[in-house]
Structure formats: structure tokens, C-alpha cells
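Engineer: What follows is a single structure, and I will ask about it in a moment.
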Amino acid sequence: MLRKSIALALVLAIISGFCFAGGAGESGGQSVADAIAAAENMTMEELEAAAKAEFEAAGVKFAARGSTSGVKNVLAGFKAKYPWFDYEEFSSSKDQALYTELTTAIGQNQYVADAVLIQDGSSLKSMLIDTGYMLNYVPNSVELSESDSDPLSVLYVNKCFYWNKTNPEYGPDYITNVWQLTGADGAELKGVHQLSFQTPATENVNMNFLIMLTGEDACSKLAAAYESYFGTPYAGNDGYQNIGYKFVTELMKNVTTWHSSDTTAVKNMTTMTTGQVVYAPLNKIKDYPETNDYHNDLAISGWNVPMEGFTSYFYKMWLMIPKTARLPYTACLFVEYMCSPEGFRSGWSDEGYYSVNPDVPVLEGDHTLSQWLEGAIVEDIDYINSVYREASTYIRSLVM
């Protein structure tokens with residue numbers, strides 16, 4: 001009881017120091033960072049009490065921003081769990097628009113949101129973390145690896161290669177090795193020549209995917225697949241910086257369709273019984289027409305067909321708290337809720353969405369996140385930022 005009383009006294013002191021008018025979450029020597037630091041040392045009961053006290057004292061609604069509509073359902077679930085809570089209507093934003101909104105407001109020390117779920121880790125780090133605009137809260141309710149805790153990633157999403165396997169000519173064995181996607185045709189090889197891809201010049205997730213293919217882990221995977229496919233080790237000495245650059249170059253040159261929407265591209269696969277291969281998120285199967293059975297129609301790398309080299313690319317969504325938040329304790333409690341099985345599944349209940357919390361049950365027919373990651377390329381924002389200027393300039397030259 002004494003510990004709880006001391007914690008709540010600290011909470012009330014910090015709450016009284018916040019300036020809710022004008023949107024800046026800092027006043028009288030207290031800050032959002034102070035609240036986050038205090039919250040990380042609280043029990044769940046203490047954090048719930050702190051959030052409720054803060055919310056009732058502030059007299060404002062909670063606001064979240066994000067690039068996925070699942071946040072809307074998480075907010076509704078959070079309100080159902082905590083009746084004292086209320087929130088502003090949520091609408092998702094495209095990556096570039098969201099980054100512009102956040103950097104403009106926070107750069108002027110203005111309120112924009114209490115929590116933000118955001119993707120494209122390279123931009124996150126350079127525009128929001130390195131500038132101090134976004135702060136990190138590590139939840140106490142789940143054990144996280146260092147790579148998932150700072151910054152906090154709560155949601156993994158994967159992109160895979162799709163094709164319609166209903167035509168026997170393009171059944172589940174149509175693609176068995178990633179090097180087929182470069183179109184390479186030897187006497188006994190089977191290159192693919194109908195590749196549909198969203199341009200990395202405007203789609204940041206795809207740009208990050210291609211950059212990650214130049215990294216050490218990806219190059220090791222590509223080298224093993226190269227030797228299996230071509231029957232000889234990759235010799236190099238061909239003008240490429242490494243085997244990843246060779247693969248990326250040949251992959252981009254082999255694209256025949258630059259689709260503008262992953263959702264539309266997957267929907268159109270009901271009639272695509274040719275050998276077209278679409279690169280898109282696994283979660284897009286939720287948009288596949290209900291008149292068709294995607295389990296029967298679609299072959300998807302890593303999901304229901306194996307592939308040598310790598311099976312998919314995983315990118316992350318990070319949940320962070322702006323330094324100008326008005327309700328930091330409530331934001332910390334919201335983070336805890338989104339990481340819980342109840343909170344996560346209230347927002348995402350389809351294949352292709354994976355929580356960092358291993359206690360969130362996997363959907364029937366899908367793989368666990370750890371199983372997926374064994375054969376995947378995974379976004380590493382530090383590596384991407386270390387080579388971004390050179391690598392992105394080269395990749396853009398391939399698609400211009």
C-alpha cells in the first residue's frame with residue numbers, strides 16, 4: 001500500500017505540472033519523458049490508476065495517429081475495457097502525409113496525438129527519433145528482445161510473392177527458388193517473366209525491402225540459393241558491390257507491371273491464371289473476393305509453398321508517444337493494451353499480422369512469427385540508414 005501511495009503521489013505531482021492548454025506536454029519542469037519513466041516502474045494497477053487520474057484531470061479526448069485502420073478497433077476495445085476513456089475519431093493516413101503532419105506539428109511544439117503507430121523505420125529514425133520528436137515506452141506486460149523494444153515494435157507485417165495456382169501449369173511448384181524471379185533461364189532452369197511490383201520510388205516499404213537485400217544476412221541467403229539454382233557458387237567479379245545488388249538489379253529489370261495498389265493487384269488474381277507473380281503483403285488475402293477461396297487459388301511464398309533463398313520480407317510498425325502528448329500515462333496504458341492478446345486481436349484478426357507478444361495466439365493455418373522469421377528478410381532500420389543514400393539512389397536509377 002505504501003509503494004502504491006508513493007507512486008500515485010508522484011503521478012498526481014506530474015499531472016499537476018502538465019500544461020494541457022496549447023498542446024505542449026511540458027511545463028513546470030515536468031515532461032512526457034518524466035511520465036514515461038515513471039510509468040515504466042509501475043505495476044499495471046498503478047498505471048491504470050495513473051491513467052484514469054490523468055484523463056479525468058485533463059478533460060480532453062485521447063487521439064491516436066497511424067497508417068493502419070486496425071488502430072480504430074484497438075481504440076474501441078480500449079474504451080470497452082476502460083469506461084472512463086474516450087477518444088477522437090480515428091482515420092488512417094498514408095506514410096508521407098503522416099510524417100509531414102507529425103514533423104510539422106511537433107517541430108512547432110504543438111500537440112498532434114498521444115500515441116502513433118507508424119511504419120517505414122528508416123524515416124521514423126531520421127525524422128522522429130533522432131530529432132527527439134517521439135519517445136519510447138517499453139511495456140512491462142511482455143518480454144521483448146532489444147531489437148523490438150527500442151524503438152518499440154508491436155506489429156510485424158510481411159510481404160510475399162503470390163501467384164494463382166489453379167492452372168496446373170502454374171501450380172504450387174511454379175517457383176521454388178528466389179532466383180527464378182530475376183528471369184534467369186538456363187537450359188534446365190525456369191525463370192519467371194511476369195512479375196508485378198509496386199515501385200520503390202514511391203513505396204517506402206518496397207525500397208527498404210530492396211535495400212535490406214544488400215545486407216550481410218540477405219547476401220548469405222541469396223548466395224546459398226544461387227548455388228542451388230545455378231549449380232555453381234556465385235563468383236562475383238561482375239561489377240556488382242555484392243550478390244544482393246546483383247539480385248536487386250535483375251529483379252527490378254524483370255518487372256513487367258508496376259502496380260499502384262497491392263490490394264487491387266491481389267483482388268485481380270482471381271482472373272490471373274497465367275504465370276503472373278505479385279509482390280504484396282500477406283494480409284491482402286483478406287481483400288480477396290469472397291466468391292473465391294484463396295486457400296485453394298493462391299500460392300504464397302512461405303505461407304503455403306516453400307522457397308529457397310527467402311520466403312518473405314517483414315517490416316515493423318512502431319508504437320510511440322509524441323513528446324507533445326497531452327495524456328502520456330494513458331498512452332503508456334494504451335501501449336500495454338495493444339501488446340496484450342485482447343488488444344492486439346481487437347485490431348488485427350487476419351493472417352499477415354503478427355504481435356511481438358508470443359502469448360497472442362497464431363491464427364489457424366498460419367505460422368508463428370518465430371517460424372516465419374526463420375526464412376525471412378527482416379527490416380533493420382540501423383542498416384537501412386547506414387547505406388540509404390547510396391543504395392536508394394542506385395535502386396531509383398533502376399526504375400526511372
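Here, A, B, ... name the chains of the C-alpha cells in the order displayed, residue numbers run from 1 inside each chain, and ligands are numbered from 1 in the same displayed order.
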List the neighbours of stretch 353-366 of chain A out to 12 Å using only C-alpha atoms; skip same-chain residues closer than 3 positions along the sequence, and give me the result as a VMD selection string.
Structural biologist: chain A and resid 68 70 139 to 149 152 to 159 281 to 286 295 300 302 to 304 314 to 319 336 to 350 369 to 373
Engineer: Those residues you just picked out, can you put them in a file as a compact mmCIF listing (two decimals), in the first residue's frame with C-alpha atoms?
Structural biologist:
# COMPACT_ATOMS: atom_id res chain seq x y z
CA THR A 68 -3.36 1.16 -40.46
CA GLY A 70 -6.67 -1.55 -37.14
CA PRO A 139 5.67 -2.24 -21.72
CA ASN A 140 6.03 -4.29 -18.55
CA SER A 141 3.48 -6.89 -19.62
CA VAL A 142 5.60 -8.67 -22.26
CA GLU A 143 9.20 -9.87 -22.58
CA LEU A 144 10.77 -8.23 -25.64
CA SER A 145 14.07 -8.57 -27.44
CA GLU A 146 16.24 -5.47 -27.60
CA SER A 147 15.54 -5.15 -31.33
CA ASP A 148 11.80 -4.91 -30.62
CA SER A 149 11.92 -2.74 -27.50
CA LEU A 152 9.05 -0.37 -29.58
CA SER A 153 7.71 -2.52 -32.40
CA VAL A 154 4.31 -4.02 -31.66
CA LEU A 155 3.25 -5.26 -35.07
CA TYR A 156 5.06 -7.25 -37.77
CA VAL A 157 3.74 -7.37 -41.34
CA ASN A 158 5.13 -9.49 -44.16
CA LYS A 159 5.22 -9.14 -47.92
CA PRO A 281 1.53 -8.16 -48.12
CA LEU A 282 0.14 -11.49 -46.93
CA ASN A 283 -2.64 -9.58 -45.15
CA LYS A 284 -4.12 -8.63 -48.53
CA ILE A 285 -5.74 -12.06 -48.73
CA LYS A 286 -8.46 -10.54 -46.53
CA HIS A 295 -6.63 -21.21 -49.76
CA ILE A 300 2.06 -17.60 -51.46
CA GLY A 302 6.41 -19.08 -47.14
CA TRP A 303 2.71 -19.32 -46.30
CA ASN A 304 1.73 -22.44 -48.25
CA PHE A 314 8.99 -8.49 -42.66
CA TYR A 315 8.60 -4.84 -41.84
CA LYS A 316 7.58 -3.48 -38.48
CA MET A 317 5.11 -0.98 -37.11
CA TRP A 318 6.28 1.02 -34.13
CA LEU A 319 4.06 2.41 -31.39
CA GLU A 336 0.22 -2.16 -22.76
CA TYR A 337 -3.26 -2.90 -24.12
CA MET A 338 -2.15 -3.09 -27.75
CA CYS A 339 0.56 -5.57 -26.77
CA SER A 340 -1.93 -7.82 -24.96
CA PRO A 341 -3.72 -10.69 -26.75
CA GLU A 342 -7.06 -8.93 -26.24
CA GLY A 343 -5.85 -5.59 -27.54
CA PHE A 344 -3.87 -6.91 -30.49
CA ARG A 345 -6.60 -9.19 -31.80
CA SER A 346 -9.19 -6.41 -31.42
CA GLY A 347 -7.26 -4.62 -34.16
CA TRP A 348 -5.90 -7.41 -36.34
CA SER A 349 -7.59 -10.78 -36.76
CA ASP A 350 -6.35 -11.91 -40.18
CA LEU A 369 6.16 -15.12 -36.04
CA SER A 370 9.25 -17.08 -34.96
CA GLN A 371 8.57 -19.72 -37.62
CA TRP A 372 8.16 -17.06 -40.30
CA LEU A 373 11.33 -15.24 -39.31
Engineer: Mind dumping a table of every stretch 250-312 of chain A residue within 12 Å of stretch 183-206 of chain A, with the nearest atom pair and its distance in Å to one decimal, using only C-alpha atoms, sorted by chain and rising number, as a Markdown table?
Structural biologist:
| residue | atom | partner | partner_atom | distance |
| --- | --- | --- | --- | --- |
| A:Glu250 | CA | A:Gly183 | CA | 7.7 |
| A:Leu251 | CA | A:Gly183 | CA | 7.7 |
| A:Met252 | CA | A:Phe197 | CA | 8.6 |
| A:Lys253 | CA | A:Gly183 | CA | 8.9 |
| A:Asn254 | CA | A:Gly183 | CA | 6.1 |
| A:Val255 | CA | A:Leu195 | CA | 4.8 |
| A:Thr256 | CA | A:Leu195 | CA | 5.5 |
| A:Thr257 | CA | A:Ser196 | CA | 4.6 |
| A:Trp258 | CA | A:Phe197 | CA | 5.1 |
| A:His259 | CA | A:Gln198 | CA | 5.1 |
| A:Ser260 | CA | A:Gln198 | CA | 5.9 |
| A:Ser261 | CA | A:Gln198 | CA | 7.2 |
| A:Asp262 | CA | A:Gln198 | CA | 7.2 |
| A:Thr263 | CA | A:Gln198 | CA | 10.9 |
| A:Thr264 | CA | A:Gln198 | CA | 11.3 |
| A:Ala265 | CA | A:Ser196 | CA | 8.1 |
| A:Val266 | CA | A:Ser196 | CA | 10.3 |
| A:Asn268 | CA | A:Ser196 | CA | 11.6 |
| A:Met269 | CA | A:Ser196 | CA | 11.2 |
| A:Met272 | CA | A:Gln194 | CA | 10.9 |
| A:Thr273 | CA | A:Gln194 | CA | 11.8 |
| A:Thr274 | CA | A:Gln194 | CA | 8.7 |
| A:Gly275 | CA | A:Gln194 | CA | 6.3 |
| A:Gln276 | CA | A:Gln194 | CA | 4.5 |
| A:Val277 | CA | A:Leu195 | CA | 4.9 |
| A:Val278 | CA | A:Ser196 | CA | 4.7 |
| A:Tyr279 | CA | A:Phe197 | CA | 5.5 |
| A:Ala280 | CA | A:Phe197 | CA | 7.8 |
| A:Pro281 | CA | A:Val205 | CA | 10.4 |
| A:Ser312 | CA | A:Asn206 | CA | 11.8 |
Engineer: For the residues selected in the previous step, produce a file with N, CA and C atoms as a compact mmCIF listing (two decimals), in the first residue's frame.
Structural biologist:
# COMPACT_ATOMS: atom_id res chain seq x y z
N GLU A 250 18.64 -7.38 -61.16
CA GLU A 250 17.97 -8.29 -62.08
C GLU A 250 16.49 -8.42 -61.76
N LEU A 251 16.14 -8.34 -60.48
CA LEU A 251 14.73 -8.38 -60.09
C LEU A 251 13.98 -7.18 -60.67
N MET A 252 14.55 -5.98 -60.50
CA MET A 252 13.89 -4.77 -60.99
C MET A 252 13.80 -4.77 -62.52
N LYS A 253 14.81 -5.25 -63.18
CA LYS A 253 14.78 -5.30 -64.64
C LYS A 253 13.76 -6.32 -65.15
N ASN A 254 13.38 -7.25 -64.29
CA ASN A 254 12.44 -8.30 -64.69
C ASN A 254 10.99 -7.93 -64.42
N VAL A 255 10.75 -6.79 -63.77
CA VAL A 255 9.37 -6.36 -63.50
C VAL A 255 8.68 -6.00 -64.82
N THR A 256 7.51 -6.58 -65.04
CA THR A 256 6.73 -6.26 -66.24
C THR A 256 5.54 -5.36 -65.95
N THR A 257 5.09 -5.33 -64.69
CA THR A 257 3.95 -4.49 -64.30
C THR A 257 4.28 -3.76 -63.02
N TRP A 258 4.16 -2.42 -63.06
CA TRP A 258 4.34 -1.62 -61.85
C TRP A 258 2.95 -1.29 -61.33
N HIS A 259 2.41 -2.15 -60.46
CA HIS A 259 1.05 -1.89 -59.99
C HIS A 259 1.05 -0.77 -58.96
N SER A 260 -0.04 -0.03 -58.90
CA SER A 260 -0.15 1.12 -58.00
C SER A 260 -0.78 0.77 -56.66
N SER A 261 -1.44 -0.39 -56.58
CA SER A 261 -2.13 -0.79 -55.34
C SER A 261 -1.94 -2.28 -55.11
N ASP A 262 -1.35 -2.64 -53.97
CA ASP A 262 -1.21 -4.06 -53.63
C ASP A 262 -2.58 -4.71 -53.48
N THR A 263 -3.51 -3.99 -52.87
CA THR A 263 -4.87 -4.53 -52.67
C THR A 263 -5.51 -4.90 -54.00
N THR A 264 -5.47 -3.98 -54.94
CA THR A 264 -6.07 -4.23 -56.25
C THR A 264 -5.36 -5.37 -56.97
N ALA A 265 -4.05 -5.40 -56.86
CA ALA A 265 -3.28 -6.45 -57.53
C ALA A 265 -3.68 -7.84 -57.03
N VAL A 266 -3.90 -7.96 -55.72
CA VAL A 266 -4.30 -9.25 -55.16
C VAL A 266 -5.74 -9.58 -55.54
N ASN A 268 -7.23 -8.81 -58.22
CA ASN A 268 -7.25 -9.19 -59.62
C ASN A 268 -6.73 -10.60 -59.88
N MET A 269 -6.18 -11.22 -58.86
CA MET A 269 -5.60 -12.55 -59.05
C MET A 269 -6.67 -13.63 -59.24
N MET A 272 -6.26 -14.01 -62.73
CA MET A 272 -4.88 -14.13 -63.19
C MET A 272 -4.42 -15.59 -63.11
N THR A 273 -4.87 -16.40 -64.04
CA THR A 273 -4.48 -17.81 -64.05
C THR A 273 -3.27 -18.02 -64.95
N THR A 274 -2.63 -16.91 -65.35
CA THR A 274 -1.36 -17.01 -66.08
C THR A 274 -0.24 -17.08 -65.05
N GLY A 275 0.97 -16.93 -65.52
CA GLY A 275 2.12 -17.04 -64.61
C GLY A 275 2.51 -15.75 -63.95
N GLN A 276 1.59 -14.77 -63.84
CA GLN A 276 1.96 -13.52 -63.18
C GLN A 276 2.21 -13.74 -61.70
N VAL A 277 3.27 -13.10 -61.20
CA VAL A 277 3.64 -13.17 -59.79
C VAL A 277 3.54 -11.77 -59.21
N VAL A 278 2.81 -11.64 -58.12
CA VAL A 278 2.57 -10.34 -57.48
C VAL A 278 3.29 -10.30 -56.13
N TYR A 279 4.03 -9.21 -55.90
CA TYR A 279 4.66 -8.99 -54.60
C TYR A 279 3.75 -8.08 -53.78
N ALA A 280 3.23 -8.60 -52.66
CA ALA A 280 2.25 -7.86 -51.86
C ALA A 280 2.21 -8.42 -50.44
N PRO A 281 1.64 -7.67 -49.49
CA PRO A 281 1.53 -8.16 -48.12
C PRO A 281 0.62 -9.39 -48.03
N SER A 312 9.87 -14.27 -47.44
CA SER A 312 9.09 -13.04 -47.34
C SER A 312 9.97 -11.94 -46.78
Engineer: Can you pull out the residues contacting stretch 33-40 of chain A? Cut-off 8 Å, using only C-alpha atoms, and skip same-chain residues under 5 positions away; I want them as a count of residues only.
Structural biologist: 13
Engineer: Can you list, as number ranges by chain, all residues belonging to stretch 210-350 of chain A that DSSP tags as strand (DSSP E or B)?
Structural biologist: A: 255-258, 277-281, 298-301, 305, 308, 313-322
Engineer: Taking only C-alpha atoms into account, name the residue in A:Lys165, A:Arg389, A:Lys246, A:Arg65 that is nearest to A:Ala113.
Structural biologist: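 Of A:Lys165, A:Arg389, A:Lys246, A:Arg65, the one nearest A:Ala113, counting only C-alpha atoms, is A:Arg65.
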Engineer: Leaving out A:Lys79 and any residue of its chain fewer than 5 positions from it, which residues lie within 12 Å of it when counting only C-alpha atoms, given as a VMD selection string?
Structural biologist: chain A and resid 52 61 to 62 72 to 74 84 to 88 330 333 to 334 337 343 346
Engineer: With DSSP run on the backbone, what are the helix (DSSP H, G or I) residues within stretch 187-246 of chain A? I'd like them as a ChimeraX atom specification.
Structural biologist: /A:204-212,216-230,243-246
Engineer: Keeping N, CA and C atoms, export the residues of the selection given above as an mmCIF file, in the first residue's frame.
Structural biologist:
data_model
loop_
_atom_site.group_PDB
_atom_site.id
_atom_site.type_symbol
_atom_site.label_atom_id
_atom_site.label_comp_id
_atom_site.auth_asym_id
_atom_site.auth_seq_id
_atom_site.Cartn_x
_atom_site.Cartn_y
_atom_site.Cartn_z
ATOM 1 N N ASN A 204 7.764 3.228 -49.830
ATOM 2 C CA ASN A 204 8.931 3.168 -48.959
ATOM 3 C C ASN A 204 9.215 1.773 -48.428
ATOM 4 N N VAL A 205 8.164 0.997 -48.163
ATOM 5 C CA VAL A 205 8.376 -0.362 -47.655
ATOM 6 C C VAL A 205 9.128 -1.193 -48.692
ATOM 7 N N ASN A 206 8.773 -1.041 -49.965
ATOM 8 C CA ASN A 206 9.474 -1.788 -51.009
ATOM 9 C C ASN A 206 10.912 -1.311 -51.170
ATOM 10 N N MET A 207 11.136 -0.007 -51.027
ATOM 11 C CA MET A 207 12.510 0.495 -51.076
ATOM 12 C C MET A 207 13.333 -0.115 -49.957
ATOM 13 N N ASN A 208 12.774 -0.150 -48.744
ATOM 14 C CA ASN A 208 13.503 -0.718 -47.613
ATOM 15 C C ASN A 208 13.768 -2.209 -47.811
ATOM 16 N N PHE A 209 12.808 -2.914 -48.402
ATOM 17 C CA PHE A 209 12.987 -4.335 -48.706
ATOM 18 C C PHE A 209 14.191 -4.541 -49.631
ATOM 19 N N LEU A 210 14.258 -3.770 -50.691
ATOM 20 C CA LEU A 210 15.352 -3.926 -51.655
ATOM 21 C C LEU A 210 16.693 -3.554 -51.033
ATOM 22 N N ILE A 211 16.695 -2.528 -50.187
ATOM 23 C CA ILE A 211 17.937 -2.168 -49.500
ATOM 24 C C ILE A 211 18.379 -3.292 -48.569
ATOM 25 N N MET A 212 17.426 -3.895 -47.860
ATOM 26 C CA MET A 212 17.774 -4.997 -46.951
ATOM 27 C C MET A 212 18.368 -6.192 -47.699
ATOM 28 N N GLU A 216 24.208 -8.218 -45.132
ATOM 29 C CA GLU A 216 25.001 -9.436 -44.949
ATOM 30 C C GLU A 216 24.142 -10.695 -44.855
ATOM 31 N N ASP A 217 23.085 -10.652 -44.037
ATOM 32 C CA ASP A 217 22.242 -11.836 -43.868
ATOM 33 C C ASP A 217 21.558 -12.209 -45.178
ATOM 34 N N ALA A 218 21.024 -11.210 -45.871
ATOM 35 C CA ALA A 218 20.346 -11.480 -47.138
ATOM 36 C C ALA A 218 21.320 -12.015 -48.171
ATOM 37 N N CYS A 219 22.516 -11.452 -48.220
ATOM 38 C CA CYS A 219 23.512 -11.923 -49.195
ATOM 39 C C CYS A 219 23.885 -13.374 -48.950
ATOM 40 N N SER A 220 23.954 -13.769 -47.685
ATOM 41 C CA SER A 220 24.242 -15.168 -47.367
ATOM 42 C C SER A 220 23.131 -16.078 -47.873
ATOM 43 N N LYS A 221 21.870 -15.664 -47.654
ATOM 44 C CA LYS A 221 20.727 -16.439 -48.135
ATOM 45 C C LYS A 221 20.705 -16.504 -49.663
ATOM 46 N N LEU A 222 20.979 -15.373 -50.293
ATOM 47 C CA LEU A 222 20.960 -15.324 -51.761
ATOM 48 C C LEU A 222 22.077 -16.159 -52.360
ATOM 49 N N ALA A 223 23.235 -16.184 -51.716
ATOM 50 C CA ALA A 223 24.358 -16.972 -52.223
ATOM 51 C C ALA A 223 24.046 -18.462 -52.176
ATOM 52 N N ALA A 224 23.429 -18.914 -51.085
ATOM 53 C CA ALA A 224 23.071 -20.334 -50.977
ATOM 54 C C ALA A 224 22.039 -20.707 -52.025
ATOM 55 N N ALA A 225 21.050 -19.834 -52.225
ATOM 56 C CA ALA A 225 20.017 -20.104 -53.230
ATOM 57 C C ALA A 225 20.586 -20.049 -54.640
ATOM 58 N N TYR A 226 21.539 -19.161 -54.869
ATOM 59 C CA TYR A 226 22.188 -19.040 -56.186
ATOM 60 C C TYR A 226 22.891 -20.349 -56.555
ATOM 61 N N GLU A 227 23.664 -20.872 -55.607
ATOM 62 C CA GLU A 227 24.400 -22.109 -55.877
ATOM 63 C C GLU A 227 23.438 -23.265 -56.123
ATOM 64 N N SER A 228 22.335 -23.314 -55.367
ATOM 65 C CA SER A 228 21.349 -24.378 -55.570
ATOM 66 C C SER A 228 20.686 -24.264 -56.938
ATOM 67 N N TYR A 229 20.408 -23.038 -57.365
ATOM 68 C CA TYR A 229 19.670 -22.818 -58.616
ATOM 69 C C TYR A 229 20.553 -22.979 -59.848
ATOM 70 N N PHE A 230 21.722 -22.373 -59.810
ATOM 71 C CA PHE A 230 22.601 -22.381 -60.981
ATOM 72 C C PHE A 230 23.612 -23.527 -60.983
ATOM 73 N N ILE A 243 26.310 -9.747 -53.980
ATOM 74 C CA ILE A 243 25.287 -10.553 -54.648
ATOM 75 C C ILE A 243 23.888 -9.962 -54.447
ATOM 76 N N GLY A 244 23.701 -9.204 -53.360
ATOM 77 C CA GLY A 244 22.418 -8.551 -53.141
ATOM 78 C C GLY A 244 22.127 -7.516 -54.207
ATOM 79 N N TYR A 245 23.137 -6.721 -54.564
ATOM 80 C CA TYR A 245 22.961 -5.726 -55.623
ATOM 81 C C TYR A 245 22.680 -6.403 -56.961
ATOM 82 N N LYS A 246 23.322 -7.530 -57.199
ATOM 83 C CA LYS A 246 23.051 -8.270 -58.435
ATOM 84 C C LYS A 246 21.596 -8.722 -58.466
#
Engineer: Using only C-alpha atoms, can you tell me which of A:Glu48, A:Asp380, A:Asp120, A:Glu290 comes closest to A:Tyr82?
Structural biologist: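 Nearest candidate to A:Tyr82 out of A:Glu48, A:Asp380, A:Asp120, A:Glu290: A:Glu48.
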